[in-house]
>>> print(open('coords.cif').read())   # mmCIF, C-alpha atoms and all ligand atoms
data_query
loop_
_atom_site.label_atom_id
_atom_site.label_comp_id
_atom_site.auth_asym_id
_atom_site.auth_seq_id
_atom_site.Cartn_x
_atom_site.Cartn_y
_atom_site.Cartn_z
CA MET A 1 0.00 0.00 0.00
CA GLU A 2 1.35 3.40 -0.90
CA ILE A 3 1.88 5.85 1.92
CA ALA A 4 -0.18 8.98 1.38
CA ILE A 5 1.00 10.90 4.43
CA ASP A 6 4.12 10.25 6.46
CA VAL A 7 4.32 12.47 9.52
CA ARG A 8 7.67 12.22 11.31
CA ASP A 9 8.63 13.61 14.70
CA LEU A 10 6.69 16.83 14.34
CA VAL A 11 7.37 19.48 16.91
CA LYS A 12 5.56 22.80 16.83
CA ILE A 13 6.29 25.53 19.32
CA TYR A 14 4.27 28.70 18.80
CA PRO A 15 5.54 32.12 19.85
CA GLY A 16 5.25 32.52 23.60
CA ASN A 17 6.74 29.03 24.03
CA ILE A 18 3.40 27.30 23.50
CA VAL A 19 4.22 23.70 22.69
CA ALA A 20 1.51 22.33 20.39
CA LEU A 21 3.24 19.20 19.03
CA ARG A 22 5.84 17.12 20.86
CA GLY A 23 7.28 14.69 18.34
CA LEU A 24 4.14 13.49 16.59
CA SER A 25 4.44 10.64 14.06
CA PHE A 26 1.85 8.68 12.11
CA LYS A 27 1.16 7.38 8.62
CA VAL A 28 -1.92 7.43 6.41
CA PHE A 29 -2.15 4.99 3.51
CA GLU A 30 -3.50 5.83 0.11
CA GLY A 31 -7.25 5.18 -0.14
CA GLU A 32 -7.72 5.33 3.60
CA VAL A 33 -9.96 7.54 5.72
CA TYR A 34 -7.94 8.46 8.81
CA GLY A 35 -9.70 10.25 11.68
CA LEU A 36 -7.83 12.44 14.16
CA ILE A 37 -9.47 12.81 17.53
CA GLY A 38 -8.33 14.47 20.74
CA PRO A 39 -9.31 17.09 23.31
CA ASN A 40 -9.49 20.81 22.49
CA GLY A 41 -5.98 22.13 22.09
CA ALA A 42 -4.44 18.68 21.54
CA GLY A 43 -2.81 19.77 18.28
CA LYS A 44 -5.15 18.48 15.55
CA THR A 45 -5.52 21.72 13.60
CA THR A 46 -1.81 22.44 13.94
CA THR A 47 -1.04 19.01 12.46
CA LEU A 48 -3.51 19.43 9.58
CA ARG A 49 -2.16 22.88 8.72
CA ILE A 50 1.41 21.62 8.61
CA ILE A 51 0.41 18.73 6.32
CA ALA A 52 -1.53 21.19 4.13
CA THR A 53 1.72 23.24 3.72
CA LEU A 54 0.22 26.27 5.47
CA LEU A 55 2.32 26.18 8.62
CA ARG A 56 5.97 25.27 9.17
CA PRO A 57 6.85 22.93 12.02
CA THR A 58 9.61 23.84 14.47
CA SER A 59 11.22 20.50 13.63
CA GLY A 60 10.30 17.21 12.03
CA ASN A 61 8.95 16.58 8.58
CA VAL A 62 5.98 15.45 6.52
CA ARG A 63 5.85 13.66 3.18
CA VAL A 64 2.68 13.64 1.12
CA PHE A 65 2.75 10.97 -1.61
CA GLY A 66 6.52 10.95 -1.18
CA MET A 67 6.88 14.72 -1.58
CA ASN A 68 8.43 16.77 1.16
CA VAL A 69 5.92 19.44 2.28
CA LEU A 70 8.71 21.75 3.43
CA LEU A 71 10.79 21.54 0.24
CA ASP A 72 8.07 21.00 -2.34
CA PRO A 73 4.92 22.75 -1.10
CA ILE A 74 3.71 23.78 -4.55
CA ARG A 75 3.76 20.24 -5.90
CA VAL A 76 2.07 18.99 -2.73
CA ARG A 77 -0.68 21.61 -3.06
CA LYS A 78 -1.62 20.25 -6.48
CA GLN A 79 -2.52 16.90 -4.91
CA ILE A 80 -4.47 18.10 -1.91
CA ALA A 81 -7.52 20.10 -0.94
CA TYR A 82 -7.91 21.53 2.54
CA LEU A 83 -11.01 22.53 4.47
CA PRO A 84 -9.96 24.88 7.30
CA GLU A 85 -11.53 24.76 10.73
CA ASP A 86 -13.07 28.22 10.42
CA ALA A 87 -13.24 29.56 6.92
CA GLY A 88 -15.03 32.70 5.88
CA GLY A 89 -13.94 34.90 3.01
CA TYR A 90 -15.47 35.98 -0.29
CA LYS A 91 -18.60 37.24 1.45
CA ARG A 92 -19.60 39.49 -1.43
CA LEU A 93 -19.88 36.66 -3.94
CA SER A 94 -22.88 34.41 -4.30
CA GLY A 95 -22.42 30.69 -3.71
CA ARG A 96 -22.54 30.08 -7.46
CA GLU A 97 -19.94 32.80 -8.15
CA PHE A 98 -17.68 31.34 -5.48
CA ILE A 99 -17.90 27.86 -7.02
CA GLU A 100 -17.22 29.30 -10.47
CA LEU A 101 -14.23 31.21 -9.15
CA MET A 102 -12.80 28.04 -7.58
CA ALA A 103 -13.33 26.21 -10.87
CA ARG A 104 -11.33 28.87 -12.73
CA ILE A 105 -8.54 28.72 -10.17
CA ARG A 106 -8.32 24.92 -10.23
CA PHE A 107 -8.93 23.96 -13.84
CA LYS A 108 -7.82 25.20 -17.26
CA GLU A 109 -10.09 23.13 -19.51
CA SER A 110 -13.69 24.30 -19.74
CA ARG A 111 -14.92 20.70 -19.64
CA ASP A 112 -13.12 20.09 -16.31
CA ARG A 113 -14.52 23.36 -14.99
CA GLU A 114 -18.07 22.43 -15.96
CA GLU A 115 -17.77 19.04 -14.31
CA TYR A 116 -16.34 20.57 -11.15
CA ILE A 117 -19.10 23.18 -11.02
CA GLY A 118 -21.78 20.50 -11.45
CA ASN A 119 -20.31 18.36 -8.68
CA ALA A 120 -19.85 21.28 -6.32
CA MET A 121 -23.40 22.56 -6.90
CA LYS A 122 -24.73 19.10 -6.10
CA ILE A 123 -22.75 18.74 -2.88
CA ALA A 124 -23.46 22.31 -1.73
CA ASP A 125 -27.18 21.73 -2.35
CA LEU A 126 -28.08 25.32 -1.56
CA GLY A 127 -31.27 25.57 -3.59
CA ASP A 128 -32.24 29.14 -4.46
CA ALA A 129 -29.73 30.46 -1.93
CA VAL A 130 -26.90 29.59 -4.32
CA ASP A 131 -27.56 32.94 -6.03
CA ARG A 132 -27.59 34.93 -2.80
CA LYS A 133 -24.51 36.55 -1.32
CA ILE A 134 -22.43 34.35 1.00
CA GLU A 135 -22.52 37.03 3.74
CA GLY A 136 -26.18 36.14 4.25
CA TYR A 137 -25.58 32.41 4.62
CA SER A 138 -25.99 30.52 7.88
CA LYS A 139 -22.93 28.81 9.38
CA GLY A 140 -24.04 25.44 8.02
CA MET A 141 -24.65 26.80 4.52
CA LYS A 142 -21.14 28.28 4.41
CA ARG A 143 -19.65 25.05 5.66
CA ARG A 144 -21.42 23.01 2.98
CA LEU A 145 -20.38 25.41 0.26
CA LEU A 146 -16.74 25.24 1.29
CA LEU A 147 -16.78 21.49 1.66
CA ALA A 148 -18.33 21.25 -1.81
CA THR A 149 -15.51 23.28 -3.35
CA VAL A 150 -12.97 21.01 -1.62
CA LEU A 151 -14.45 17.61 -2.51
CA ALA A 152 -15.69 18.42 -6.00
CA ALA A 153 -12.07 18.76 -7.12
CA ARG A 154 -11.62 15.04 -6.33
CA PRO A 155 -8.19 15.70 -4.86
CA ARG A 156 -5.86 12.79 -4.27
CA LEU A 157 -5.89 13.82 -0.60
CA ALA A 158 -8.63 15.75 1.21
CA ILE A 159 -7.72 17.29 4.57
CA LEU A 160 -10.89 18.19 6.44
CA ASP A 161 -10.75 20.02 9.77
CA GLU A 162 -14.08 19.32 11.51
CA PRO A 163 -16.06 19.01 8.27
CA THR A 164 -19.51 18.93 9.86
CA SER A 165 -19.00 21.44 12.65
CA GLY A 166 -22.06 23.67 12.77
CA LEU A 167 -24.19 21.41 10.58
CA ASP A 168 -27.54 20.06 11.74
CA VAL A 169 -28.05 16.30 12.14
CA LEU A 170 -29.47 15.69 8.67
CA GLN A 171 -26.88 17.84 6.93
CA SER A 172 -24.11 16.08 8.87
CA LEU A 173 -25.40 12.69 7.76
CA LYS A 174 -25.49 13.89 4.17
CA VAL A 175 -21.99 15.32 4.30
CA ARG A 176 -20.64 12.08 5.78
CA GLU A 177 -22.22 10.12 2.94
CA VAL A 178 -20.60 12.46 0.42
CA ILE A 179 -17.19 12.10 2.05
CA LYS A 180 -17.56 8.33 2.11
CA SER A 181 -18.66 8.15 -1.51
CA TYR A 182 -15.76 10.33 -2.71
CA ASN A 183 -13.41 8.02 -0.83
CA LYS A 184 -14.98 4.82 -2.19
CA ASN A 185 -15.82 5.93 -5.73
CA TYR A 186 -12.97 8.26 -6.59
CA GLY A 187 -10.25 6.94 -4.30
CA VAL A 188 -9.86 10.23 -2.44
CA THR A 189 -7.67 9.65 0.61
CA VAL A 190 -9.16 11.52 3.56
CA LEU A 191 -7.56 12.88 6.72
CA LEU A 192 -10.15 14.49 8.95
CA SER A 193 -10.51 15.74 12.49
CA SER A 194 -13.75 15.65 14.39
CA HIS A 195 -15.26 15.82 17.85
CA ASN A 196 -18.21 13.75 16.71
CA MET A 197 -17.46 10.15 17.59
CA LEU A 198 -20.36 8.80 15.52
CA GLU A 199 -18.87 10.54 12.53
CA ILE A 200 -15.38 9.22 13.27
CA GLU A 201 -16.68 5.69 13.64
CA PHE A 202 -18.81 5.87 10.49
CA LEU A 203 -16.02 7.24 8.32
CA SER A 204 -12.64 6.15 9.60
CA ASP A 205 -10.69 3.06 8.63
CA ARG A 206 -8.21 4.05 11.32
CA VAL A 207 -8.27 6.58 14.11
CA GLY A 208 -5.39 8.43 15.74
CA MET A 209 -5.90 9.92 19.17
CA ILE A 210 -3.79 13.00 19.86
CA PHE A 211 -3.22 14.17 23.39
CA LYS A 212 -0.98 17.12 24.27
CA GLY A 213 0.82 16.95 20.95
CA ASN A 214 1.53 13.22 21.01
CA LEU A 215 -0.14 10.21 19.46
CA LEU A 216 -1.66 8.36 22.41
CA ALA A 217 -3.40 5.53 20.56
CA GLU A 218 -4.05 4.40 17.02
CA GLY A 219 -6.06 1.72 15.26
CA SER A 220 -9.38 0.84 13.71
CA PRO A 221 -12.43 1.89 15.72
CA LYS A 222 -12.93 -1.81 16.51
CA LYS A 223 -9.39 -2.26 17.77
CA LEU A 224 -9.54 0.89 19.92
CA LYS A 225 -12.78 -0.31 21.48
CA GLU A 226 -11.22 -3.69 22.28
CA LEU A 227 -8.09 -2.07 23.74
CA SER A 228 -10.10 0.09 26.11
CA GLU A 229 -12.92 -2.43 26.68
CA ALA A 230 -15.36 0.22 25.54
CA SER A 231 -18.60 -0.14 23.65
CA ASN A 232 -18.34 3.12 21.72
CA LEU A 233 -15.75 5.70 20.69
CA GLU A 234 -16.84 8.26 23.28
CA GLU A 235 -15.84 5.78 25.98
CA VAL A 236 -12.61 5.09 24.08
CA PHE A 237 -11.89 8.82 24.08
CA LYS A 238 -12.54 9.10 27.81
CA PHE A 239 -10.42 6.04 28.55
CA PHE A 240 -7.37 7.30 26.66
CA VAL A 241 -7.62 10.87 27.94
CA GLY A 242 -7.71 9.46 31.46
CA LYS A 243 -4.66 7.35 30.68
CA GLY A 244 -2.82 10.28 29.10
CA ALA A 245 -3.58 12.57 32.02
CA ALA A 246 -2.33 9.91 34.43
CA GLY A 247 0.94 9.88 32.48
N1 LIG B 301 -1.50 30.69 16.18
C1 LIG B 301 -1.26 30.20 17.40
N2 LIG B 301 -0.47 30.87 18.27
C2 LIG B 301 -0.20 30.39 19.50
N3 LIG B 301 -0.68 29.21 19.96
C3 LIG B 301 -1.46 28.50 19.13
C4 LIG B 301 -1.79 28.95 17.83
N4 LIG B 301 -2.59 28.01 17.23
C5 LIG B 301 -2.75 27.04 18.15
N5 LIG B 301 -2.08 27.32 19.29
C6 LIG B 301 -1.98 26.48 20.50
O1 LIG B 301 -1.51 25.20 20.10
C7 LIG B 301 -2.19 24.17 20.80
C8 LIG B 301 -2.86 23.24 19.79
O2 LIG B 301 -3.89 23.94 19.13
P1 LIG B 301 -4.73 23.30 17.93
O3 LIG B 301 -5.56 24.38 17.35
O4 LIG B 301 -3.81 22.59 17.02
O5 LIG B 301 -5.63 22.24 18.71
P2 LIG B 301 -6.88 21.35 18.23
O6 LIG B 301 -6.58 19.95 18.61
O7 LIG B 301 -7.19 21.63 16.81
O8 LIG B 301 -8.05 21.90 19.16
P3 LIG B 301 -9.65 22.05 18.87
O9 LIG B 301 -10.23 20.69 19.10
O10 LIG B 301 -10.10 23.02 19.92
O11 LIG B 301 -9.83 22.55 17.47
C9 LIG B 301 -3.14 24.87 21.76
O12 LIG B 301 -2.47 25.00 23.00
C10 LIG B 301 -3.33 26.23 21.14
O13 LIG B 301 -3.62 27.20 22.10
MG MG B 302 -8.79 22.38 15.81
#
>>> encode(input="coords.cif", output="structure tokens", more="lines below")
Ligand SMILES: Nc1ncnc2c1ncn2[C@@H]1O[C@H](COP(=O)(O)OP(=O)(O)OP(=O)(O)O)[C@@H](O)[C@H]1O
Ligand SMILES: [Mg+2]
Amino acid sequence: MEIAIDVRDLVKIYPGNIVALRGLSFKVFEGEVYGLIGPNGAGKTTTLRIIATLLRPTSGNVRVFGMNVLLDPIRVRKQIAYLPEDAGGYKRLSGREFIELMARIRFKESRDREEYIGNAMKIADLGDAVDRKIEGYSKGMKRRLLLATVLAARPRLAILDEPTSGLDVLQSLKVREVIKSYNKNYGVTVLLSSHNMLEIEFLSDRVGMIFKGNLLAEGSPKKLKELSEASNLEEVFKFFVGKGAAG
């Protein structure tokens, strides 16, 4: 199996001596959905931003499909699409204009652009609101629009930071189905973070639990449940945080 992401010994110290990552290592294989879980402030977003070439680590390295994210960020960016934790931007455009803009940025051929626009419109599923300005969208509408522009590109790797945060139950279910189908049907490798353990269990082939900038546990949802003698991932989470806190 090809390695999609190889994270090695990442350390990130923010200004003010805030240590976010303390030597984090893990691998994601091509075709996999890998879920990152962990308490608030554990280092998930920091990790995703480093992999997405948007933040430099203090030390350590990451390879994406064999390419070094520190030396070759532009080549890496061509293979990935990233959904930030809190994205706003482009408020004056309508949803449709935003999707069309993203199509122009991503694709040269008009046929590719048309296909991308069609896919994104379907995922965003905004109805009449697609022609209204984004500044008037609810949180969930914005989230769906952004997610649509990320997935519709069918990137080789999608990095999704809390993809369904702010979405209602039905919208979350829909978004999970879309993520799963892009993984299954188009082979999109997915690295996501989430606080929703149902979502993590539904989507992830393997789960990595981050605690204070370290990987505390890793495995399939089934394996993690066995290890902690838990019946669901919320109990798994509690078990490992308790273990981590106890040292
Ligand atoms: N720009 C920044 N400057 C200083 N410290 C930061 C910055 N970004 C994150 N941190 C700190 O780094 C640590 C990890 O933060 P990070 O956002 O990666 O956590 P997280 O696991 O994504 O949390 P959450 O579940 O709340 O999204 C925290 O202590 C946080 O305060
Ligand atoms: Mg975060």
>>> residues_around(input="coords.cif", residues="range 96-103 of chain A", least_positions_apart="4", cutoff="8 Å", atoms="all atoms listed in the file", output="list in words")
Tyr90, Phe107, Arg113, Glu114, Tyr116, Ile117, Ala120, Met121, Val130, Asp131 and Thr149 of chain A
>>> closest_residue(input="coords.cif", among="A:Gly247, A:Gly16, A:Pro163, A:Gly219", to="ligand LIG 301 (chain B)", atoms="only C-alpha atoms and all ligand atoms")
A:Gly16
>>> closest_residue(input="coords.cif", among="A:Arg104, A:Lys139, A:Lys122, A:Arg156", to="Ala4 in chain A", atoms="all atoms listed in the file")
A:Arg156
>>> residues_near_ligand(input="coords.cif", ligand="ligand LIG 301 (chain B)", cutoff="10 Å", atoms="all atoms listed in the file", output="JSON list (two decimals) with C-alpha atoms, keeping the file's coordinate frame")
[["chain", "number", "residue", "atom", "x", "y", "z"],
["A", 12, "LYS", "CA", 5.56, 22.80, 16.83],
["A", 13, "ILE", "CA", 6.29, 25.53, 19.32],
["A", 14, "TYR", "CA", 4.27, 28.70, 18.80],
["A", 15, "PRO", "CA", 5.54, 32.12, 19.85],
["A", 16, "GLY", "CA", 5.25, 32.52, 23.60],
["A", 17, "ASN", "CA", 6.74, 29.03, 24.03],
["A", 18, "ILE", "CA", 3.40, 27.30, 23.50],
["A", 19, "VAL", "CA", 4.22, 23.70, 22.69],
["A", 20, "ALA", "CA", 1.51, 22.33, 20.39],
["A", 21, "LEU", "CA", 3.24, 19.20, 19.03],
["A", 36, "LEU", "CA", -7.83, 12.44, 14.16],
["A", 37, "ILE", "CA", -9.47, 12.81, 17.53],
["A", 38, "GLY", "CA", -8.33, 14.47, 20.74],
["A", 39, "PRO", "CA", -9.31, 17.09, 23.31],
["A", 40, "ASN", "CA", -9.49, 20.81, 22.49],
["A", 41, "GLY", "CA", -5.98, 22.13, 22.09],
["A", 42, "ALA", "CA", -4.44, 18.68, 21.54],
["A", 43, "GLY", "CA", -2.81, 19.77, 18.28],
["A", 44, "LYS", "CA", -5.15, 18.48, 15.55],
["A", 45, "THR", "CA", -5.52, 21.72, 13.60],
["A", 46, "THR", "CA", -1.81, 22.44, 13.94],
["A", 47, "THR", "CA", -1.04, 19.01, 12.46],
["A", 48, "LEU", "CA", -3.51, 19.43, 9.58],
["A", 49, "ARG", "CA", -2.16, 22.88, 8.72],
["A", 50, "ILE", "CA", 1.41, 21.62, 8.61],
["A", 55, "LEU", "CA", 2.32, 26.18, 8.62],
["A", 85, "GLU", "CA", -11.53, 24.76, 10.73],
["A", 86, "ASP", "CA", -13.07, 28.22, 10.42],
["A", 161, "ASP", "CA", -10.75, 20.02, 9.77],
["A", 162, "GLU", "CA", -14.08, 19.32, 11.51],
["A", 193, "SER", "CA", -10.51, 15.74, 12.49],
["A", 194, "SER", "CA", -13.75, 15.65, 14.39],
["A", 195, "HIS", "CA", -15.26, 15.82, 17.85],
["A", 210, "ILE", "CA", -3.79, 13.00, 19.86],
["A", 211, "PHE", "CA", -3.22, 14.17, 23.39],
["A", 212, "LYS", "CA", -0.98, 17.12, 24.27],
["A", 213, "GLY", "CA", 0.82, 16.95, 20.95]]
>>> residues_around(input="coords.cif", residues="Val64 in chain A", least_positions_apart="3", cutoff="7 Å", atoms="all atoms listed in the file", output="list of chain:residue names")
A:Ala4, A:Ile5, A:Asp6, A:Met67, A:Asn68, A:Val69, A:Val76
>>> atom_distance(input="coords.cif", atom1="CA of Met1 in chain A", atom2="CA of Phe29 in chain A")
6.5 Å
>>> residues_near_point(input="coords.cif", point="(-2.9, 18.6, -0.8)", cutoff="9 Å", atoms="only C-alpha atoms", output="PyMOL selection string")
chain A and resi 51-53+64+73+75-82+155-159
>>> atom_distance(input="coords.cif", atom1="CA of Leu233 in chain A", atom2="CA of Lys27 in chain A")
20.8 Å
>>> closest_residue(input="coords.cif", among="A:Val188, A:Val241, A:Leu167, A:Leu10", to="Arg22 in chain A", atoms="all atoms listed in the file")
A:Leu10
>>> atom_distance(input="coords.cif", atom1="CA of Tyr34 in chain A", atom2="CA of Ser165 in chain A")
17.5 Å
>>> residues_around(input="coords.cif", residues="Lys91 in chain A", least_positions_apart="5", cutoff="9 Å", atoms="all atoms listed in the file", output="list in words")
Lys133, Ile134, Glu135 and Gly136 of chain A
>>> closest_residue(input="coords.cif", among="A:Arg8, A:Arg154, A:Lys142, A:Arg106", to="Asn119 in chain A", atoms="all atoms listed in the file")
A:Arg154
>>> residues_near_point(input="coords.cif", point="(-12.6, 4.0, -3.2)", cutoff="12 Å", atoms="only C-alpha atoms", output="VMD selection string")
chain A and resid 30 to 33 154 156 179 to 190
>>> closest_residue(input="coords.cif", among="A:Phe239, A:Lys222, A:Pro84, A:Met197", to="ligand MG 302 (chain B)", atoms="all atoms listed in the file")
A:Pro84
